[in-house]
Amino acid sequence: MLFPAPNEPLSGLDTKAGAELYIFHSTKAKDKSDAHRKLARDIARVTEGHPLALALLAGEYDTSQVSAKDFLEHWETELASAARPSLMGHHRTFTLAFERSYNHLNADDQARLRALSIFPFPFYAEGAALLWGLTSPQPSPAEGEGERALQQARDLLGGLTRRNLLEIDGWFKDNTPSAYRFQPALRQEVAHRLDDAERERLKPAFAAYSAWFVALARDSMGREPAVARRAQGATRTLIEQIDALPAENVARYCWLLGTVLYQFGQITQAEQVLQRGMAAAQAQGDTVREERILFALARNAVLRGELDRALADYRRAAELAQQEKNEGEYSVVISEMAGIYVTRGDLNGAMQWYRQSLQIQEQLGDLQGKSATLSMVANLYMENEDWDTAEGILNQALEISRQMGDMSGIAFKTVKLGQVAQARGDFETALARYREGLENFERLGMPRESAQVQEMIAALENPNAPRAAQPSNPLQQASAQARAAASQGDMDAAIQAQAQAVEMARARGNGRDELVALSVMLYNLSNYYAQAEQFDKAVDALEQVVALDEQTGHQDLESDRQQLEQMRQLAALSPEERAARRARARETGTENDADAPQAQLDALPPEQRAQLEAAAREAQARLAQMTPEERAALADRARREQIQNIADQTRDAAIRALRGEIPREQLAPQIERVAAQAAEGEAPDSPWAEVAVFLRAVSALLQGNAKPVVPSAYAGHWAAIRDARPKEIHEGHQGH
């Protein structure tokens, strides 16, 4: 499609097409009489075929008593009066068409239209009723009053849609409009007429509507794709409304909104909103809302691999649910809590919680809770590769979801049945079920789950292709090109591609997740610069990494600071000094040998070297004064820190491999070698042997082999890695 040059008008439809579009919008003109055909051609000509002007004039004609012959009688005069130096022709015709429609409204309808321009997203009749004062932010006790007010709002909205000042955004099953929206240009034109005083008066009603809409979105989640679509387009505005709410409504609003954001995969925003809700609940002494928010925070923690925190939040939520004597809530909480026991390998403990949850749900007739819990029990049998039992339970859960019309539940269970089919080698059935589940996830606006299922489909359709061979977005492509170039020794090409990846990462925004991703891109760029011996640029990249770590509170802050300091030392060396250092490293066979720290020390200015040498002597003196027990404790602490660092580095590397950032086939053997070194000469119950078991499990996962049991000490690490696997898809209690 070719667009006009800058400052040139955008051409409209030709006369024939413009006339047809006018007739499409006009109820009266659909009789296609000679008079109406002529009017349609004349309107297409005078509006220069611009669609919005055509629609507005069709609406005006339909609601007027003027004949077709007289409708455009004063058009040329009105058009001349609408001319302004900065207004292009097609803008002038649109502005005039709007003015004619707007001026034919009475003062009350003009005020109503102006009020609606506060909506930046599609809205329901409930929103119009609140803004227009037909209903109160507080529910009215008068029976039927609310429905009468809604019907009045729908009637008034109908008048605006007949004039094409509003569009209908959706329909109920009885063919009545369910939601409304502005064309962006129309909303902008109307909003110019909304003064500051009017806008200020509308704020409480708009906040009340936001609270109503968030509750609708949460309750409709998994069942109404249209509601999910509207909510997804409104999240930024809905977050902003927290500050406009009365204090007593903040906790409930944040709980509902946090749940919706979680469903949309906006985990960082969900966490922030939920924390605000928790503070409000505690300030109000609202333990009911505190329990709900704890549950939601626990689910976020599970996604982040923070299992200890998640378990603590679930346990506290369970206590509060019991204090409320709310058996339904308690059953949901303990069912989700059982999932952590599964992750940690305690399948018997998990099954005990699941059975207790199912028993309560049976007693209460809680079908939705029962369906979700059955799906989790199926996970347990899938973990044990008992495919027949898992399939039977999933089919039972799926039938319940179908009875309830729970599209989200149907999608999750269908995809899991695909996983069962894939495990049995029935790839055709697996693909069919994955595609069915993907269609539902996409309709419901669930990007995290959609992306996971897309990867599952891609892996089945092309099983021999590496997961990152064809990245799905430009940033991943640039990063993959950089890795490929670096592996071939072409550092200039690697730097160029990685620099592109950095700029794309910068453009993604300033959320925590986006900034963490940017820091990873910059860290890799610094490594490429260092390999190309462009040490000043490597230092600059690492300085940005550290600044981002400080901003996001990233756990790698200290190690990145150390890396920056080492890079600064390298940058301070002359080429001859660096060559001498490399020669010493080659002679010893490693750059981490005792000569390397000495080389770094030699490279320091005399004042810094003297300070470090003095500190080393002081540390040696303190060590000499320690008792044997104190020295043993110090050595034990250092050993555990070393083990922890190995586990952390393995976790982070595995996550990057599963996301396609580094090759799995290269990482897995490296982890195996480290595991062998860690376990050599160690007793089976020693900390070194324990971390070796964890490392071998990670290596097996990367190679697609059966995994050994993961030690409970590393359950959090393992959960974080599992969450990075594209084939893992988790269904919780969607309606909680």
# chains A, B, ... in the order shown; residues from 1 in each chain; ligands from 1

call {"tool": "residues_around", "arguments": {"residues": "Ser136 of chain A", "least_positions_apart": "4", "cutoff": "12 Å", "atoms": "only C-alpha atoms", "output": "list in words"}}
result
Glu126, Gly127, Ala128, Ala129, Leu130, Leu131, Trp132, Ser140, Pro141, Ala142, Glu145, Gly146, Ala149, Leu150, Pro204, Ala205, Phe206, Ala207, Ala208, Tyr209 and Trp212 of chain A

call {"tool": "write_last_selection", "arguments": {"atoms": "N, CA and C atoms", "output": "PDB file, in the first residue's frame"}}
result
ATOM      1  N   GLU A 126     -23.322   0.178  31.163  1.00  0.00           N
ATOM      2  CA  GLU A 126     -23.147   0.523  32.582  1.00  0.00           C
ATOM      3  C   GLU A 126     -22.249   1.738  32.752  1.00  0.00           C
ATOM      4  N   GLY A 127     -21.247   1.866  31.877  1.00  0.00           N
ATOM      5  CA  GLY A 127     -20.358   3.022  31.955  1.00  0.00           C
ATOM      6  C   GLY A 127     -21.073   4.306  31.599  1.00  0.00           C
ATOM      7  N   ALA A 128     -21.877   4.258  30.534  1.00  0.00           N
ATOM      8  CA  ALA A 128     -22.636   5.449  30.155  1.00  0.00           C
ATOM      9  C   ALA A 128     -23.605   5.847  31.262  1.00  0.00           C
ATOM     10  N   ALA A 129     -24.284   4.857  31.860  1.00  0.00           N
ATOM     11  CA  ALA A 129     -25.247   5.161  32.921  1.00  0.00           C
ATOM     12  C   ALA A 129     -24.571   5.842  34.103  1.00  0.00           C
ATOM     13  N   LEU A 130     -23.363   5.399  34.454  1.00  0.00           N
ATOM     14  CA  LEU A 130     -22.637   6.020  35.565  1.00  0.00           C
ATOM     15  C   LEU A 130     -22.200   7.439  35.216  1.00  0.00           C
ATOM     16  N   LEU A 131     -21.616   7.628  34.024  1.00  0.00           N
ATOM     17  CA  LEU A 131     -21.139   8.956  33.641  1.00  0.00           C
ATOM     18  C   LEU A 131     -22.289   9.946  33.512  1.00  0.00           C
ATOM     19  N   TRP A 132     -23.421   9.475  33.057  1.00  0.00           N
ATOM     20  CA  TRP A 132     -24.559  10.377  32.839  1.00  0.00           C
ATOM     21  C   TRP A 132     -25.402  10.582  34.093  1.00  0.00           C
ATOM     22  N   SER A 140     -28.168   0.941  44.071  1.00  0.00           N
ATOM     23  CA  SER A 140     -29.420   1.482  44.618  1.00  0.00           C
ATOM     24  C   SER A 140     -30.252   0.365  45.230  1.00  0.00           C
ATOM     25  N   PRO A 141     -30.872   0.586  46.385  1.00  0.00           N
ATOM     26  CA  PRO A 141     -31.694  -0.451  46.997  1.00  0.00           C
ATOM     27  C   PRO A 141     -33.040  -0.635  46.311  1.00  0.00           C
ATOM     28  N   ALA A 142     -33.445   0.335  45.473  1.00  0.00           N
ATOM     29  CA  ALA A 142     -34.766   0.264  44.846  1.00  0.00           C
ATOM     30  C   ALA A 142     -34.795  -0.845  43.811  1.00  0.00           C
ATOM     31  N   GLU A 145     -34.651  -0.433  39.739  1.00  0.00           N
ATOM     32  CA  GLU A 145     -34.191   0.903  39.339  1.00  0.00           C
ATOM     33  C   GLU A 145     -32.957   0.823  38.456  1.00  0.00           C
ATOM     34  N   GLY A 146     -32.021  -0.064  38.815  1.00  0.00           N
ATOM     35  CA  GLY A 146     -30.794  -0.196  38.036  1.00  0.00           C
ATOM     36  C   GLY A 146     -31.071  -0.645  36.615  1.00  0.00           C
ATOM     37  N   ALA A 149     -32.566   2.180  34.575  1.00  0.00           N
ATOM     38  CA  ALA A 149     -31.540   3.163  34.208  1.00  0.00           C
ATOM     39  C   ALA A 149     -30.678   2.639  33.060  1.00  0.00           C
ATOM     40  N   LEU A 150     -30.356   1.345  33.088  1.00  0.00           N
ATOM     41  CA  LEU A 150     -29.556   0.754  32.011  1.00  0.00           C
ATOM     42  C   LEU A 150     -30.315   0.804  30.689  1.00  0.00           C
ATOM     43  N   PRO A 204     -14.948  10.540  39.442  1.00  0.00           N
ATOM     44  CA  PRO A 204     -15.468   9.507  40.363  1.00  0.00           C
ATOM     45  C   PRO A 204     -16.321   8.462  39.651  1.00  0.00           C
ATOM     46  N   ALA A 205     -17.140   8.897  38.694  1.00  0.00           N
ATOM     47  CA  ALA A 205     -17.978   7.936  37.972  1.00  0.00           C
ATOM     48  C   ALA A 205     -17.125   7.018  37.105  1.00  0.00           C
ATOM     49  N   PHE A 206     -16.069   7.572  36.504  1.00  0.00           N
ATOM     50  CA  PHE A 206     -15.187   6.739  35.682  1.00  0.00           C
ATOM     51  C   PHE A 206     -14.446   5.720  36.546  1.00  0.00           C
ATOM     52  N   ALA A 207     -14.018   6.119  37.736  1.00  0.00           N
ATOM     53  CA  ALA A 207     -13.363   5.178  38.658  1.00  0.00           C
ATOM     54  C   ALA A 207     -14.338   4.081  39.076  1.00  0.00           C
ATOM     55  N   ALA A 208     -15.604   4.465  39.324  1.00  0.00           N
ATOM     56  CA  ALA A 208     -16.611   3.470  39.704  1.00  0.00           C
ATOM     57  C   ALA A 208     -16.849   2.486  38.564  1.00  0.00           C
ATOM     58  N   TYR A 209     -16.870   3.002  37.323  1.00  0.00           N
ATOM     59  CA  TYR A 209     -17.028   2.094  36.180  1.00  0.00           C
ATOM     60  C   TYR A 209     -15.833   1.160  36.054  1.00  0.00           C
ATOM     61  N   TRP A 212     -16.310  -1.651  38.358  1.00  0.00           N
ATOM     62  CA  TRP A 212     -17.323  -2.580  37.835  1.00  0.00           C
ATOM     63  C   TRP A 212     -16.742  -3.437  36.717  1.00  0.00           C
TER      64      TRP A 212
END

call {"tool": "select_by_dssp", "arguments": {"residues": "segment 40-272 of chain A", "states": "strand (DSSP E)", "output": "list in words"}}
result
Phe123, Tyr124, Glu167, Ile168, Asp169, Gly170, Trp171, Pro177, Ser178, Ala179, Tyr180 and Arg181 of chain A

call {"tool": "write_last_selection", "arguments": {"atoms": "N, CA and C atoms", "output": "compact mmCIF listing (two decimals), in the first residue's frame"}}
result
# COMPACT_ATOMS: atom_id res chain seq x y z
N PHE A 123 -16.66 0.41 25.75
CA PHE A 123 -17.32 0.46 27.06
C PHE A 123 -18.72 -0.15 26.96
N TYR A 124 -19.28 -0.45 28.13
CA TYR A 124 -20.61 -1.02 28.23
C TYR A 124 -21.61 0.06 28.62
N GLU A 167 -19.92 3.62 17.53
CA GLU A 167 -20.04 2.33 16.86
C GLU A 167 -20.39 1.27 17.89
N ILE A 168 -21.01 0.20 17.42
CA ILE A 168 -21.31 -0.94 18.29
C ILE A 168 -20.12 -1.89 18.27
N ASP A 169 -19.63 -2.27 19.45
CA ASP A 169 -18.43 -3.10 19.56
C ASP A 169 -18.74 -4.58 19.82
N GLY A 170 -20.00 -4.92 20.05
CA GLY A 170 -20.35 -6.31 20.29
C GLY A 170 -21.85 -6.45 20.50
N TRP A 171 -22.33 -7.70 20.43
CA TRP A 171 -23.76 -7.95 20.49
C TRP A 171 -24.07 -9.05 21.49
N PRO A 177 -27.16 -4.49 21.22
CA PRO A 177 -25.75 -4.11 21.41
C PRO A 177 -25.28 -4.41 22.84
N SER A 178 -24.05 -4.93 22.96
CA SER A 178 -23.48 -5.20 24.29
C SER A 178 -22.44 -4.16 24.68
N ALA A 179 -21.74 -3.59 23.70
CA ALA A 179 -20.67 -2.63 24.02
C ALA A 179 -20.56 -1.62 22.87
N TYR A 180 -19.90 -0.51 23.17
CA TYR A 180 -19.83 0.61 22.24
C TYR A 180 -18.40 1.14 22.19
N ARG A 181 -18.09 1.86 21.10
CA ARG A 181 -16.76 2.47 21.00
C ARG A 181 -16.82 3.67 20.07

call {"tool": "closest_residue", "arguments": {"among": "A:His36, A:Arg230, A:Arg112, A:Arg252", "to": "Met278 of chain A", "atoms": "only C-alpha atoms"}}
result
A:Arg252

call {"tool": "residues_around", "arguments": {"residues": "Phe427 of chain A", "least_positions_apart": "3", "cutoff": "12 Å", "atoms": "only C-alpha atoms", "output": "ChimeraX atom specification"}}
result
/A:417-424,430-434,456-457,459-463

call {"tool": "residues_around", "arguments": {"residues": "Tyr22 of chain A", "least_positions_apart": "5", "cutoff": "9 Å", "atoms": "only C-alpha atoms", "output": "ChimeraX atom specification"}}
result
/A:17,29,40-41,43-44,51,54-55,57-58

call {"tool": "write_last_selection", "arguments": {"atoms": "N, CA and C atoms", "output": "compact mmCIF listing (two decimals), in the first residue's frame"}}
result
# COMPACT_ATOMS: atom_id res chain seq x y z
N ALA A 17 -17.55 4.09 -5.19
CA ALA A 17 -17.34 3.37 -3.92
C ALA A 17 -17.83 4.19 -2.74
N ALA A 29 -31.47 5.37 2.78
CA ALA A 29 -30.99 5.27 1.39
C ALA A 29 -30.96 3.84 0.88
N ALA A 40 -26.47 9.98 -2.64
CA ALA A 40 -25.27 9.21 -2.29
C ALA A 40 -24.08 9.65 -3.13
N ARG A 41 -24.32 9.85 -4.46
CA ARG A 41 -23.21 10.29 -5.32
C ARG A 41 -22.76 11.70 -4.95
N ILE A 43 -22.98 13.18 -1.99
CA ILE A 43 -22.26 13.17 -0.70
C ILE A 43 -20.87 12.58 -0.88
N ALA A 44 -20.74 11.54 -1.71
CA ALA A 44 -19.41 10.97 -1.97
C ALA A 44 -18.50 12.01 -2.61
N PRO A 51 -14.33 8.14 4.48
CA PRO A 51 -15.31 7.24 5.12
C PRO A 51 -16.01 7.81 6.35
N LEU A 54 -18.61 10.31 5.37
CA LEU A 54 -19.75 9.61 4.77
C LEU A 54 -20.65 9.01 5.85
N ALA A 55 -20.05 8.35 6.83
CA ALA A 55 -20.83 7.71 7.90
C ALA A 55 -21.59 8.74 8.72
N LEU A 57 -22.60 11.80 7.82
CA LEU A 57 -23.69 12.40 7.07
C LEU A 57 -24.83 11.41 6.86
N ALA A 58 -24.51 10.12 6.73
CA ALA A 58 -25.57 9.12 6.64
C ALA A 58 -26.40 9.10 7.92

call {"tool": "residues_around", "arguments": {"residues": "Leu394 of chain A", "least_positions_apart": "5", "cutoff": "7 Å", "atoms": "only C-alpha atoms", "output": "PyMOL selection string"}}
result
chain A and resi 374-375+378+413+417

call {"tool": "write_last_selection", "arguments": {"atoms": "N, CA, C and O atoms", "output": "CSV table (one decimal), in the first residue's frame"}}
result
chain,number,residue,atom,x,y,z
A,374,LEU,N,-8.7,-31.8,39.8
A,374,LEU,CA,-8.5,-33.0,39.0
A,374,LEU,C,-7.4,-32.8,38.0
A,374,LEU,O,-6.6,-33.7,37.7
A,375,SER,N,-7.4,-31.6,37.3
A,375,SER,CA,-6.3,-31.4,36.4
A,375,SER,C,-4.9,-31.4,37.0
A,375,SER,O,-4.0,-31.9,36.5
A,378,ALA,N,-3.9,-34.9,37.7
A,378,ALA,CA,-3.4,-35.5,36.5
A,378,ALA,C,-2.0,-35.2,36.2
A,378,ALA,O,-1.2,-36.0,35.7
A,413,LYS,N,-7.1,-28.4,29.6
A,413,LYS,CA,-7.2,-29.9,29.6
A,413,LYS,C,-6.9,-30.5,28.3
A,413,LYS,O,-6.3,-31.5,28.1
A,417,LEU,N,-4.1,-33.3,27.4
A,417,LEU,CA,-4.4,-34.5,26.7
A,417,LEU,C,-3.5,-34.7,25.5
A,417,LEU,O,-3.1,-35.8,25.1

call {"tool": "residues_around", "arguments": {"residues": "Leu564 of chain A", "least_positions_apart": "2", "cutoff": "8 Å", "atoms": "only C-alpha atoms", "output": "list in words"}}
result
Val539, Leu542, Glu543, Val546, Asp560, Arg561, Gln562, Gln566, Met567 and Arg568 of chain A

call {"tool": "residues_around", "arguments": {"residues": "Met376 of chain A", "least_positions_apart": "2", "cutoff": "8 Å", "atoms": "only C-alpha atoms", "output": "list in words"}}
result
Ser335, Gly339, Ala372, Thr373, Leu374, Ala378, Asn379, Leu380, Glu731 and Gly732 of chain A

call {"tool": "write_last_selection", "arguments": {"atoms": "N, CA, C and O atoms", "output": "tab-separated table (two decimals), in the first residue's frame"}}
result
chain	number	residue	atom	x	y	z
A	335	SER	N	-5.26	-27.01	47.36
A	335	SER	CA	-5.05	-27.67	46.07
A	335	SER	C	-3.86	-27.05	45.34
A	335	SER	O	-3.01	-27.76	44.79
A	339	GLY	N	0.54	-28.41	44.53
A	339	GLY	CA	1.40	-28.33	43.35
A	339	GLY	C	2.85	-28.11	43.69
A	339	GLY	O	3.75	-28.58	42.98
A	372	ALA	N	-10.46	-28.05	38.30
A	372	ALA	CA	-9.07	-27.58	38.37
A	372	ALA	C	-8.21	-28.52	39.20
A	372	ALA	O	-7.06	-28.81	38.85
A	373	THR	N	-8.75	-29.02	40.31
A	373	THR	CA	-7.98	-29.91	41.17
A	373	THR	C	-7.72	-31.24	40.46
A	373	THR	O	-6.62	-31.80	40.55
A	374	LEU	N	-8.72	-31.76	39.75
A	374	LEU	CA	-8.51	-33.00	38.99
A	374	LEU	C	-7.39	-32.82	37.96
A	374	LEU	O	-6.58	-33.73	37.75
A	378	ALA	N	-3.93	-34.93	37.69
A	378	ALA	CA	-3.43	-35.51	36.45
A	378	ALA	C	-1.95	-35.17	36.25
A	378	ALA	O	-1.18	-36.00	35.74
A	379	ASN	N	-1.56	-33.95	36.63
A	379	ASN	CA	-0.14	-33.58	36.54
A	379	ASN	C	0.73	-34.57	37.32
A	379	ASN	O	1.82	-34.95	36.88
A	380	LEU	N	0.23	-34.96	38.47
A	380	LEU	CA	0.99	-35.87	39.32
A	380	LEU	C	1.20	-37.21	38.60
A	380	LEU	O	2.31	-37.76	38.60
A	731	GLU	N	-2.18	-25.05	34.79
A	731	GLU	CA	-3.53	-24.55	35.02
A	731	GLU	C	-3.76	-24.44	36.51
A	731	GLU	O	-3.59	-25.40	37.25
A	732	GLY	N	-4.14	-23.25	36.94
A	732	GLY	CA	-4.53	-23.08	38.33
A	732	GLY	C	-6.04	-22.94	38.42
A	732	GLY	O	-6.77	-23.26	37.49

call {"tool": "select_by_dssp", "arguments": {"residues": "segment 416-472 of chain A", "states": "alpha helix (DSSP H)", "output": "MDAnalysis selection string"}}
result
chainID A and resid 416:423 427:443 447:461

call {"tool": "atom_distance", "arguments": {"atom1": "atom CA of Val545 of chain A", "atom2": "atom CA of Gln481 of chain A"}}
result
21.3 Å

call {"tool": "closest_residue", "arguments": {"among": "A:Tyr354, A:Tyr341, A:Phe295, A:Tyr262", "to": "Pro447 of chain A", "atoms": "only C-alpha atoms"}}
result
A:Tyr262
